[in-house]
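Visitor: Have a look at the structure that comes next, please.
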Amino acid sequence: MADYSNITLDVQDRIATLSVNRPDKLNALNEQTIRELGMAMDEIEQRDDIGGVILTGVGEKAFVAGADIAELSKMGPVDGIEVSRLGQRVFRRIELSKKPVIAAVNGFALGGGCELALACHLRIAGENAQFGLPEVKLGIIPGYGGTLRLPRIVGKGRALELMLTAQFIKADEAYRIGLVNKVVPRPQAAEGQEAPSARDALLAEARAMMGVILANGPIAVGLAIECTTRGMEMSVDDGLAMESNLFGLLAATNDMREGMQAFLDKRKAEFTGR
Ligand code: COA
C-alpha cells in the first residue's frame with residue numbers, strides 16, 4: 001500500500017473510501033493531492049479486495065473547494081498546460097475506472113472539486129453541498145474536463161449558466177438539474193442530543209448504494225461504465241458496434257452463466273468476476 005499524505009484510503013467490506021484530506025484548505029487540490037489521487041486509483045484497480053470506491057472530502061464543510069489557488073497563482077502558460085493535463089489524466093482515470101466510483105459530496109464542490117465529482121460515475125450530495133464552477137472569477141476556465149463533462153450531464157445551457165455566472169447552486173437545485181443522483185437530508189438531533197454528523201449520514205447512504213451495485217456482476221458493471229462513457233464520445237453507429245461486441249463478450253463469462261442460472265433457480269447469484 002502506498003504512503004499518502006493528502007488523501008486517505010480505507011477499505012471495508014469491499015468498498016474503498018477515498019478521502020481528500022486537507023480540511024484546513026477546504027480540501028483544495030494541489031499538485032501533490034492530484035498525483036496521490038492518481039496513485040490511489042492505480043492501487044484500487046489492482047486490489048482484489050476492492051469492488052467500488054466512494055470519493056469524498058474530510059470534514060463537514062467541503063468535498064473539494066477547487067484547485068489550489070495559491071499554487072495556480074504562480075503558474076505561467078507552460079505550467080498551466082501541465083497543470084491542466086495532470087488533472088485531466090487523473091480525472092479520466094477515475095471516469096474510466098472499471099470499478100464504480102460514487103462521489104459523496106459533503107460540502108463545497110467548486111471548480112476542480114465540481115469537476116472531480118463530474119468525473120465520478122454517480123454523485124450523492126449532502127443537503128449542505130454547494131456546486132459551482134467559479135473559474136471565470138479568477139480569470140481562468142475549468143481545466144480538468146469540466147467544460148466537456150458538465151454539458152454532457154446537465155445540457156449546454158445549464159452548464160454555460162454555471163460557468164459564465166460563476167454562481168454556486170445548492171444540493172436541491174443540483175438534483176433538479178440532474179447534476180446529482182440523490183440528496184441526503186441532514187440527520188435530525190434526537191431530543192436533548194447532538195445531531196449525528198451529516199457526513200456520516202451521507203457516507204452511509206453512499207455505502208448502501210454501492211452495496212446494491214456490488215451485488216451485481218462486476219465484469220458487467222465495469223463494461224456498462226466503459227460502454228456508456230465511451231459510447232457518449234462516439235457516433236451512434238460506432239457506439240452500437242462497441243455495445244454489441246461487449247454484449248457478446250459477456251456471454252464468455254462464468255458470471256453470465258451464474259447470473260442467468262441463479263434467476264432460473266430462483267436464488268441469489270454468486271459472482272466471481274470470471
Ligand atoms: N485554493 C486554495 N485555498 C483555498 C481554496 C482553494 N480553492 N478554497 C479555500 N481555501 C483556503 C482558504 O484560503 C482558507 O485558507 P487560510 O485559512 O489559510 O486563509 C481556508 O481554505 C478556508 O477558506 P475560507 O475562504 O476562509 O472559508 P469560507 O468559509 O470563508 O469560504 C469558500 C468558503 C469555499 C466560499 C471560499 O473558500 C472560496 O471561495 N474558495 C475558492 C473557491 C474557488 O474559486 N474554487 C475554484 C478554484 S479553480
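Chain labels follow the order of the C-alpha cells: the first chain is A, the next B, and so on; residue numbering restarts at 1 in every chain, and ligands are counted from 1 in their shown order.
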Counting only C-alpha atoms and all ligand atoms, what are the residues, protein, DNA or RNA alike, that approach ligand 1 to within 6 Å? I want them as a VMD selection string.

Guide: chain A and resid 24 to 26 28 65 to 70 110 to 112 134 to 135

Visitor: Hey, can you spit out that residue selection with N, CA, C and O atoms as a PDB file, in the first residue's frame?

Guide:
```
ATOM      1  N   ASP A  24      -8.045  21.948   6.354  1.00  0.00           N
ATOM      2  CA  ASP A  24      -7.752  23.362   6.659  1.00  0.00           C
ATOM      3  C   ASP A  24      -7.709  24.216   5.398  1.00  0.00           C
ATOM      4  O   ASP A  24      -7.823  25.442   5.457  1.00  0.00           O
ATOM      5  N   LYS A  25      -7.569  23.593   4.224  1.00  0.00           N
ATOM      6  CA  LYS A  25      -7.629  24.329   2.940  1.00  0.00           C
ATOM      7  C   LYS A  25      -8.888  23.925   2.176  1.00  0.00           C
ATOM      8  O   LYS A  25      -8.925  23.962   0.933  1.00  0.00           O
ATOM      9  N   LEU A  26      -9.903  23.497   2.904  1.00  0.00           N
ATOM     10  CA  LEU A  26     -11.168  23.030   2.314  1.00  0.00           C
ATOM     11  C   LEU A  26     -10.920  21.989   1.216  1.00  0.00           C
ATOM     12  O   LEU A  26     -11.609  21.952   0.205  1.00  0.00           O
ATOM     13  N   ALA A  28      -8.654  21.716  -0.977  1.00  0.00           N
ATOM     14  CA  ALA A  28      -8.224  22.209  -2.294  1.00  0.00           C
ATOM     15  C   ALA A  28      -7.169  21.265  -2.873  1.00  0.00           C
ATOM     16  O   ALA A  28      -6.324  20.719  -2.162  1.00  0.00           O
ATOM     17  N   ALA A  65     -12.856  22.303  -2.492  1.00  0.00           N
ATOM     18  CA  ALA A  65     -13.184  23.696  -2.861  1.00  0.00           C
ATOM     19  C   ALA A  65     -12.392  24.173  -4.071  1.00  0.00           C
ATOM     20  O   ALA A  65     -12.210  25.378  -4.258  1.00  0.00           O
ATOM     21  N   GLY A  66     -11.897  23.241  -4.889  1.00  0.00           N
ATOM     22  CA  GLY A  66     -11.265  23.646  -6.145  1.00  0.00           C
ATOM     23  C   GLY A  66      -9.799  23.301  -6.206  1.00  0.00           C
ATOM     24  O   GLY A  66      -9.233  22.733  -5.270  1.00  0.00           O
ATOM     25  N   ALA A  67      -9.199  23.663  -7.338  1.00  0.00           N
ATOM     26  CA  ALA A  67      -7.745  23.562  -7.448  1.00  0.00           C
ATOM     27  C   ALA A  67      -7.155  24.549  -6.449  1.00  0.00           C
ATOM     28  O   ALA A  67      -7.824  25.520  -6.056  1.00  0.00           O
ATOM     29  N   ASP A  68      -5.924  24.301  -6.031  1.00  0.00           N
ATOM     30  CA  ASP A  68      -5.292  25.154  -5.024  1.00  0.00           C
ATOM     31  C   ASP A  68      -4.900  26.489  -5.661  1.00  0.00           C
ATOM     32  O   ASP A  68      -3.955  26.555  -6.463  1.00  0.00           O
ATOM     33  N   ILE A  69      -5.640  27.536  -5.310  1.00  0.00           N
ATOM     34  CA  ILE A  69      -5.453  28.838  -5.959  1.00  0.00           C
ATOM     35  C   ILE A  69      -4.071  29.417  -5.637  1.00  0.00           C
ATOM     36  O   ILE A  69      -3.444  30.064  -6.488  1.00  0.00           O
ATOM     37  N   ALA A  70      -3.571  29.130  -4.427  1.00  0.00           N
ATOM     38  CA  ALA A  70      -2.239  29.644  -4.061  1.00  0.00           C
ATOM     39  C   ALA A  70      -1.191  29.075  -5.023  1.00  0.00           C
ATOM     40  O   ALA A  70      -0.279  29.788  -5.474  1.00  0.00           O
ATOM     41  N   LEU A 110     -16.436  22.906  -5.676  1.00  0.00           N
ATOM     42  CA  LEU A 110     -16.251  24.097  -6.509  1.00  0.00           C
ATOM     43  C   LEU A 110     -15.089  23.900  -7.467  1.00  0.00           C
ATOM     44  O   LEU A 110     -14.104  23.224  -7.124  1.00  0.00           O
ATOM     45  N   GLY A 111     -15.194  24.492  -8.645  1.00  0.00           N
ATOM     46  CA  GLY A 111     -14.098  24.431  -9.602  1.00  0.00           C
ATOM     47  C   GLY A 111     -13.636  22.998  -9.807  1.00  0.00           C
ATOM     48  O   GLY A 111     -14.436  22.110 -10.133  1.00  0.00           O
ATOM     49  N   GLY A 112     -12.341  22.756  -9.570  1.00  0.00           N
ATOM     50  CA  GLY A 112     -11.792  21.407  -9.738  1.00  0.00           C
ATOM     51  C   GLY A 112     -12.507  20.371  -8.877  1.00  0.00           C
ATOM     52  O   GLY A 112     -12.519  19.182  -9.215  1.00  0.00           O
ATOM     53  N   PRO A 134     -16.558  28.457 -10.483  1.00  0.00           N
ATOM     54  CA  PRO A 134     -16.298  29.909 -10.415  1.00  0.00           C
ATOM     55  C   PRO A 134     -15.007  30.342 -11.091  1.00  0.00           C
ATOM     56  O   PRO A 134     -14.519  31.438 -10.836  1.00  0.00           O
ATOM     57  N   GLU A 135     -14.450  29.498 -11.980  1.00  0.00           N
ATOM     58  CA  GLU A 135     -13.134  29.810 -12.564  1.00  0.00           C
ATOM     59  C   GLU A 135     -13.056  31.169 -13.233  1.00  0.00           C
ATOM     60  O   GLU A 135     -12.033  31.858 -13.127  1.00  0.00           O
TER      61      GLU A 135
END
```

Visitor: Enumerate, in order of chain and increasing residue number, the residues of stretch 30-74 of chain A with an atom no farther than 9 Å from stretch 197-201 of chain A, each with its shortest atom pair and distance in Å to one decimal, counting only C-alpha atoms, as a Markdown table.

Guide:
```
| residue | atom | partner | partner_atom | distance |
| --- | --- | --- | --- | --- |
| A:Val58 | CA | A:Arg199 | CA | 8.9 |
| A:Gly59 | CA | A:Arg199 | CA | 7.6 |
| A:Glu60 | CA | A:Arg199 | CA | 6.0 |
```

Visitor: Using only C-alpha atoms, which protein or nucleic acid residues come within 9 Å of A:Tyr144? Drop anything in the same chain fewer than 2 positions from it, and give the result as a list of chain:residue names.

Guide: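 The neighbour list is A:Val83, A:Ser84, A:Arg85, A:Leu86, A:Gly87, A:Gln88, A:Arg89, A:Val90, A:Phe91, A:Arg92, A:Gly111, A:Gly112, A:Glu115, A:Leu116, A:Pro142, A:Gly146, A:Thr147.
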
Visitor: Run DSSP on the backbone of this structure and report the residues of stretch 12-118 of chain A it assigns to helix (DSSP H, G or I), as a ChimeraX atom specification.

Guide: /A:23-25,31-46,69-72,77-95,112-118

Visitor: Which distance in Å separates atom CA of A:Met234 and atom CA of A:Cys120, to one decimal?

Guide: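 Rounded to one decimal, the two atoms are 19.6 Å apart.
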
Visitor: Could you write out, as a VMD selection string, all the residues of stretch 26-274 of chain A that DSSP marks as strand (DSSP E or B)?

Guide: chain A and resid 29 52 to 57 62 to 64 67 101 to 105 108 to 110 122 to 126 130 to 132 169 to 170 182 to 184

Visitor: Mind dumping the selected residues with C-alpha atoms as a PDB file, in the first residue's frame?

Guide:
```
ATOM      1  CA  LEU A  29      -6.380  20.136  -4.871  1.00  0.00           C
ATOM      2  CA  GLY A  52     -16.000   0.025  -5.696  1.00  0.00           C
ATOM      3  CA  VAL A  53     -14.969   3.465  -4.464  1.00  0.00           C
ATOM      4  CA  ILE A  54     -16.621   6.279  -2.539  1.00  0.00           C
ATOM      5  CA  LEU A  55     -14.780   9.540  -3.142  1.00  0.00           C
ATOM      6  CA  THR A  56     -15.289  12.264  -0.557  1.00  0.00           C
ATOM      7  CA  GLY A  57     -13.624  15.053   1.403  1.00  0.00           C
ATOM      8  CA  ALA A  62     -16.014  20.800   1.884  1.00  0.00           C
ATOM      9  CA  PHE A  63     -15.861  18.000  -0.641  1.00  0.00           C
ATOM     10  CA  VAL A  64     -13.165  19.879  -2.572  1.00  0.00           C
ATOM     11  CA  ALA A  67      -7.745  23.562  -7.448  1.00  0.00           C
ATOM     12  CA  VAL A 101     -16.894   5.411  -8.238  1.00  0.00           C
ATOM     13  CA  ILE A 102     -19.533   7.372  -6.289  1.00  0.00           C
ATOM     14  CA  ALA A 103     -18.803  10.961  -5.255  1.00  0.00           C
ATOM     15  CA  ALA A 104     -20.205  11.636  -1.778  1.00  0.00           C
ATOM     16  CA  VAL A 105     -20.335  15.426  -1.867  1.00  0.00           C
ATOM     17  CA  PHE A 108     -18.427  22.704  -1.261  1.00  0.00           C
ATOM     18  CA  ALA A 109     -17.702  21.135  -4.665  1.00  0.00           C
ATOM     19  CA  LEU A 110     -16.251  24.097  -6.509  1.00  0.00           C
ATOM     20  CA  LEU A 122     -22.590   8.745  -9.646  1.00  0.00           C
ATOM     21  CA  ARG A 123     -22.944  11.722  -7.309  1.00  0.00           C
ATOM     22  CA  ILE A 124     -24.737  11.807  -3.961  1.00  0.00           C
ATOM     23  CA  ALA A 125     -24.871  15.117  -2.113  1.00  0.00           C
ATOM     24  CA  GLY A 126     -25.452  16.067   1.481  1.00  0.00           C
ATOM     25  CA  GLN A 130     -22.905  23.500  -2.920  1.00  0.00           C
ATOM     26  CA  PHE A 131     -21.716  23.211  -6.510  1.00  0.00           C
ATOM     27  CA  GLY A 132     -20.129  25.774  -8.770  1.00  0.00           C
ATOM     28  CA  ILE A 169     -26.065  26.188  -6.564  1.00  0.00           C
ATOM     29  CA  LYS A 170     -27.328  24.219  -3.580  1.00  0.00           C
ATOM     30  CA  LYS A 182     -29.606  11.864  -4.771  1.00  0.00           C
ATOM     31  CA  VAL A 183     -29.656  14.343  -1.877  1.00  0.00           C
ATOM     32  CA  VAL A 184     -29.267  13.031   1.668  1.00  0.00           C
TER      33      VAL A 184
END
```

Visitor: Ranking A:Glu226, A:Asp48, A:Glu31, A:Glu173 by minimum distance to A:Leu96 and counting only C-alpha atoms, which one comes first?

Guide: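 That would be A:Glu226, the residue with the smallest distance to A:Leu96.
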
Visitor: Restricting the calculation to only C-alpha atoms, which member of A:Thr229, A:Asn181, A:Thr253, A:Ser97 is positioned closest to A:Glu43?

Guide: A:Ser97

Visitor: Which of these residues is nearest to A:Lys99, using only C-alpha atoms: A:Gly38, A:Gly51, A:Gly217, A:Gly239?

Guide: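 Once distances to A:Lys99 are computed over only C-alpha atoms, the minimum belongs to A:Gly51.
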
Visitor: Tell me which protein, DNA and RNA residues are within 10 Å of A:Val136, counting only C-alpha atoms, leaving out same-chain ones fewer than 2 positions away, and put them as a list in words.

Guide: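 Near neighbours after the sequence-gap exclusion: Gly111, Leu133, Pro134, Leu138, Gly139, Ile140, Ile141, Pro142, Met163, Leu164, Thr165 and Ala166 of chain A.
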
Visitor: How would the residues just picked look written out with N, CA and C atoms as an mmCIF file, in the first residue's frame?

Guide:
```
data_model
loop_
_atom_site.group_PDB
_atom_site.id
_atom_site.type_symbol
_atom_site.label_atom_id
_atom_site.label_comp_id
_atom_site.auth_asym_id
_atom_site.auth_seq_id
_atom_site.Cartn_x
_atom_site.Cartn_y
_atom_site.Cartn_z
ATOM 1 N N GLY A 111 -15.194 24.492 -8.645
ATOM 2 C CA GLY A 111 -14.098 24.431 -9.602
ATOM 3 C C GLY A 111 -13.636 22.998 -9.807
ATOM 4 N N LEU A 133 -18.810 26.365 -10.682
ATOM 5 C CA LEU A 133 -17.577 26.456 -11.482
ATOM 6 C C LEU A 133 -17.209 27.941 -11.547
ATOM 7 N N PRO A 134 -16.558 28.457 -10.483
ATOM 8 C CA PRO A 134 -16.298 29.909 -10.415
ATOM 9 C C PRO A 134 -15.007 30.342 -11.091
ATOM 10 N N LEU A 138 -11.742 34.006 -11.494
ATOM 11 C CA LEU A 138 -10.296 34.044 -11.290
ATOM 12 C C LEU A 138 -9.566 34.314 -12.603
ATOM 13 N N GLY A 139 -10.330 34.492 -13.663
ATOM 14 C CA GLY A 139 -9.708 34.750 -14.969
ATOM 15 C C GLY A 139 -9.230 33.500 -15.667
ATOM 16 N N ILE A 140 -9.766 32.342 -15.276
ATOM 17 C CA ILE A 140 -9.420 31.092 -15.969
ATOM 18 C C ILE A 140 -10.715 30.370 -16.366
ATOM 19 N N ILE A 141 -10.567 29.195 -16.998
ATOM 20 C CA ILE A 141 -11.733 28.353 -17.303
ATOM 21 C C ILE A 141 -11.520 27.024 -16.589
ATOM 22 N N PRO A 142 -12.562 26.211 -16.443
ATOM 23 C CA PRO A 142 -12.347 24.883 -15.866
ATOM 24 C C PRO A 142 -11.329 24.136 -16.725
ATOM 25 N N MET A 163 -21.043 28.150 -15.572
ATOM 26 C CA MET A 163 -19.674 28.603 -15.881
ATOM 27 C C MET A 163 -19.589 30.109 -16.044
ATOM 28 N N LEU A 164 -20.581 30.715 -16.703
ATOM 29 C CA LEU A 164 -20.481 32.148 -17.009
ATOM 30 C C LEU A 164 -20.862 33.031 -15.826
ATOM 31 N N THR A 165 -21.834 32.579 -15.025
ATOM 32 C CA THR A 165 -22.217 33.397 -13.859
ATOM 33 C C THR A 165 -21.266 33.165 -12.694
ATOM 34 N N ALA A 166 -20.607 32.008 -12.669
ATOM 35 C CA ALA A 166 -19.712 31.624 -11.564
ATOM 36 C C ALA A 166 -20.474 31.475 -10.245
#
```

Visitor: Go ahead and compute the interatomic distance for atom CA of A:Ala40 and atom CA of A:Leu179, in Å to one decimal.

Guide: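 About the pair atom CA of A:Ala40 and atom CA of A:Leu179: they are 25.1 Å apart.
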
Visitor: Nearest to A:Cys227: which of A:Leu240, A:Ala129, A:Ala159, A:Ala171 is it, counting only C-alpha atoms?

Guide: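 Closest to A:Cys227, using only C-alpha atoms: A:Leu240.
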